[in-house]
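Asker: Next up is a structure, given as structure tokens.
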Amino acid sequence: MRASTSASPHCLSTEPFSSATSLSPPLCLSAPLSMLELTWKRFLFPNPSVSAARGQESAGIVTSNGASPPTYTTHKGMGLVSSAFPPDALLKLRYGNLGICHTRYSTTGISELQNCQPFVVDTLHGKIAVAHNGELINAYALRKKVMRHGVGLSTSSDSELITQLLALTPPMEEQDAPDWVARITNLMTETPTAYSLLVMFKDVIYAVRDPYGNRPLCIGRVVPVSKLHSSEEDTEGWVVSSESCSFQSIGAKYYREVLPGEIVQISKHGVKSLSVVPRPEGDLPAFCIFEYVYFARPDSIFEGQMVYTVRQRCGRQLAIEAPTDADVVSTVPESATPAALGYAQQSGLPYIEVLCKNRYVGRTFIQPNTRLRQLGVAKKFGALTDNFAGKRVVLVDDSIVRGNTISPIIKLLKDAGATEVHIRVASPPIRHPCYMGINIPTKEELIANKPEFQDIAGYIGAASVQYLTVEGLVSAVQEGIASLQQKDRISSNNKSSKRVGHCTACLTGKYPVELEW
């Protein structure tokens with residue numbers, strides 16, 4: 001059984017504290033004591049519900065005063081960030097000047113408070129706090145190994161397992177002080193993927209990505225609000241998050257990604273890269289391509305390119321691969337909107353809105369069971385009848401995973417007057433489960449593996465259904481990376497380029513590493 005927490009860590013370090021407001025789960029922060037009043041008003045109190053985009057089940061924050069020994073303060077709660085962190089709960093955290101937080105949607109394991117992150121444990125050298133995004137591919141073997149050391153595990157979460165592995169003293173470490181590079185390197189040796197981590201120890205936070213870079217993690221620079229859109233570099237602090245879209249709302253600017261295998265130290269002295277742990281020779285990076293397809297917010301930046309732009313390219317490629325006779329192009333809002341615009345631009349058809357989205361309903365994909373996902377659709381959309389009655393509609397969606405949500409949408413549009421509804425999907429059919437942090441648990445749940453897929457158009461009530469090919473998706477994603485590398489080579493006169501690779505396991509069944517059960 002896999003036990004993990006897919007969401008994202010957040011960290012703020014060296015000045016302001018941005019715990020629960022960021023949009024991607026793990027986030028960390030650190031601030032000088034003189035800035036605490038500014039810190040808590042600016043980072044904790046505004047719009048905490050923004051974190052829910054990557055996790056809706058639970059959330060937690062751990063803060064530290066950075067002393068030696070430090071005092072850690074923890075608060076965890078179930079549900080959306082807005083309900084897990086009422087103002088009175090945040091007040092008790094205000095004495096910290098650095099901290100990490102996390103929002104969770106479970107890929108496996110129970111949706112209970114005991115699995116809520118961050119985890120805090122005592123080690124030989126003091127307390128550590130850990131927030132984790134991803135899923136370990138060899139969790140079962142690691143759990144047995146940790147237990148052989150006499151360590152009991154109280155949860156079903158991979159995150160606790162990671163925390164206990166970091167607490168163990170590696171062979172190369174001296175006894176008088178912890179060597180965090182050695183400990184994290186030892187963790188990477190024990191489990192190659194899939195995780196991004198935040199580790200808080202005393203007055204330092206370490207930001208880590210696994211050697212394959214499967215889960216995202218990036219660094220932001222906190223600046224004065226007046227200089228948020230200027231090129232001046234007046235740094236007030238540093239933040240780390242799974243997605244860069246979380247930065248602007250807390251007064252931070254995107255700085256850079258944490259590289260695959262990189263260990264970054266964040267402290268009052270700034271940001272320092274300590275080490276990059278390599279992959280086995282010949283292995284490519286394996287950043288999750290589903291982040292581009294659906295999971296990430298469109299204004300996030302991965303691999304130097306905005307997700308919105310990649311989705312537009314997917315839509316243009318889809319129009320080339322799967323044209324159709326229709327009158328208008330529209331979208332299943334909102335993650336498919338950039339792809340629909342790209343399809344319309346390439347096909348020459350007008351883009352219109354046909355669905356009105358209820359913005360107060362959460363994301364149906366990350367609801368923990370099928371019934372909640374299906375009820376979510378019924379509450380989520382209304383038809384904008386005047387825009388499409390009597391017309392043939394191309395409806396672009398980003399993905400069809402289980403097939404639970406698209407069929408009622410098609411019925412809604414046809415009942416409201418659409419003469420035909422053609423479905424175009426801006427990603428390939430999902431045929432395989434993900435074992436690295438996205439909730440696609442079994443082959444049996446996937447519509448692409450069911451007998452009905454042979455006539456999926458008839459099954460869901462569409463006039464036609466066509467998907468983007470795997471080759472088309474990879475091309476759309478990597479086109480922007482190749483362009484950036486070309487610009488870098490010209491500007492720096494450097495003929496070498498970084499190797500590029502993406503995990504397409506849910507589409508092809510080719511996993512970046514051998515799975516262990």
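Chain labels follow the order of the structure tokens: the first chain is A, the next B, and so on; residue numbering restarts at 1 in every chain, and ligands are counted from 1 in their shown order.
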Could you find all residues in range 40-233 of chain A that DSSP calls strand (DSSP E or B) from the backbone, and write them as a PyMOL selection string?
Answerer: chain A and resi 58-64+72-78+98-108+119-123+126-134+195-201+204-209+218-222
Asker: Give me, as a tab-separated table, the closest atom pair and its distance (Å, one decimal) for every residue of range 156-212 of chain A within a cut-off of 10 Å of range 232-247 of chain A, counting only C-alpha atoms, rows sorted by chain and rising number.
Answerer:
residue	atom	partner	partner_atom	distance
A:Ser196	CA	A:Ser242	CA	8.1
A:Leu197	CA	A:Ser242	CA	9.7
A:Leu198	CA	A:Val240	CA	8.5
A:Ile205	CA	A:Val240	CA	9.7
A:Tyr206	CA	A:Val240	CA	9.8
A:Ala207	CA	A:Val240	CA	7.4
Asker: Could you go through range 61-296 of chain A and tell me which residues DSSP, when run on the backbone, assigns to helix (DSSP H, G or I), listing them as JSON, numbers by chain?
Answerer: {"A": [81, 82, 83, 84, 87, 88, 89, 90, 91, 113, 114, 115, 139, 140, 141, 142, 143, 144, 145, 146, 147, 148, 158, 159, 160, 161, 162, 163, 164, 165, 166, 167, 180, 181, 182, 183, 184, 185, 186, 187, 188, 189, 190, 225, 226, 227, 244, 245, 246, 248, 249, 250, 290, 291, 292, 293, 294, 295]}
Asker: Would you mind reading off the distance between CA of Val130 in chain A and CA of Pro224 in chain A, one decimal, in Å?
Answerer: 28.6 Å
Asker: Find the residues near Leu161 in chain A: any atom within 8 Å, counting only C-alpha atoms, skip ones fewer than 4 places away on the same chain, and give them as a list in words.
Answerer: Ala139, Leu142, Arg143, Val146, Leu153, Ser157 and Leu165 of chain A
Asker: Please dump the current selection as a PDB file, in the first residue's frame; keep N, CA and C atoms.
Answerer:
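Dumped to again_13.pdb:
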ATOM      1  N   ALA A 139       8.401   2.787  -0.693  1.00  0.00           N
ATOM      2  CA  ALA A 139       8.010   3.096   0.683  1.00  0.00           C
ATOM      3  C   ALA A 139       7.926   1.843   1.563  1.00  0.00           C
ATOM      4  N   LEU A 142      11.311   0.742   2.705  1.00  0.00           N
ATOM      5  CA  LEU A 142      11.885   1.723   3.625  1.00  0.00           C
ATOM      6  C   LEU A 142      11.231   1.655   5.001  1.00  0.00           C
ATOM      7  N   ARG A 143       9.913   1.420   5.027  1.00  0.00           N
ATOM      8  CA  ARG A 143       9.231   1.303   6.315  1.00  0.00           C
ATOM      9  C   ARG A 143       9.817   0.134   7.128  1.00  0.00           C
ATOM     10  N   VAL A 146      13.328   1.184   8.470  1.00  0.00           N
ATOM     11  CA  VAL A 146      13.264   2.091   9.612  1.00  0.00           C
ATOM     12  C   VAL A 146      12.840   1.337  10.870  1.00  0.00           C
ATOM     13  N   LEU A 153       6.490   3.861  13.651  1.00  0.00           N
ATOM     14  CA  LEU A 153       5.829   4.836  12.780  1.00  0.00           C
ATOM     15  C   LEU A 153       4.372   4.935  13.190  1.00  0.00           C
ATOM     16  N   SER A 157       1.765   7.827   6.384  1.00  0.00           N
ATOM     17  CA  SER A 157       2.283   8.815   5.434  1.00  0.00           C
ATOM     18  C   SER A 157       3.755   8.589   5.113  1.00  0.00           C
ATOM     19  N   LEU A 165      13.875   8.910   8.420  1.00  0.00           N
ATOM     20  CA  LEU A 165      15.126   8.624   7.706  1.00  0.00           C
ATOM     21  C   LEU A 165      16.130   9.760   7.878  1.00  0.00           C
TER      22      LEU A 165
END
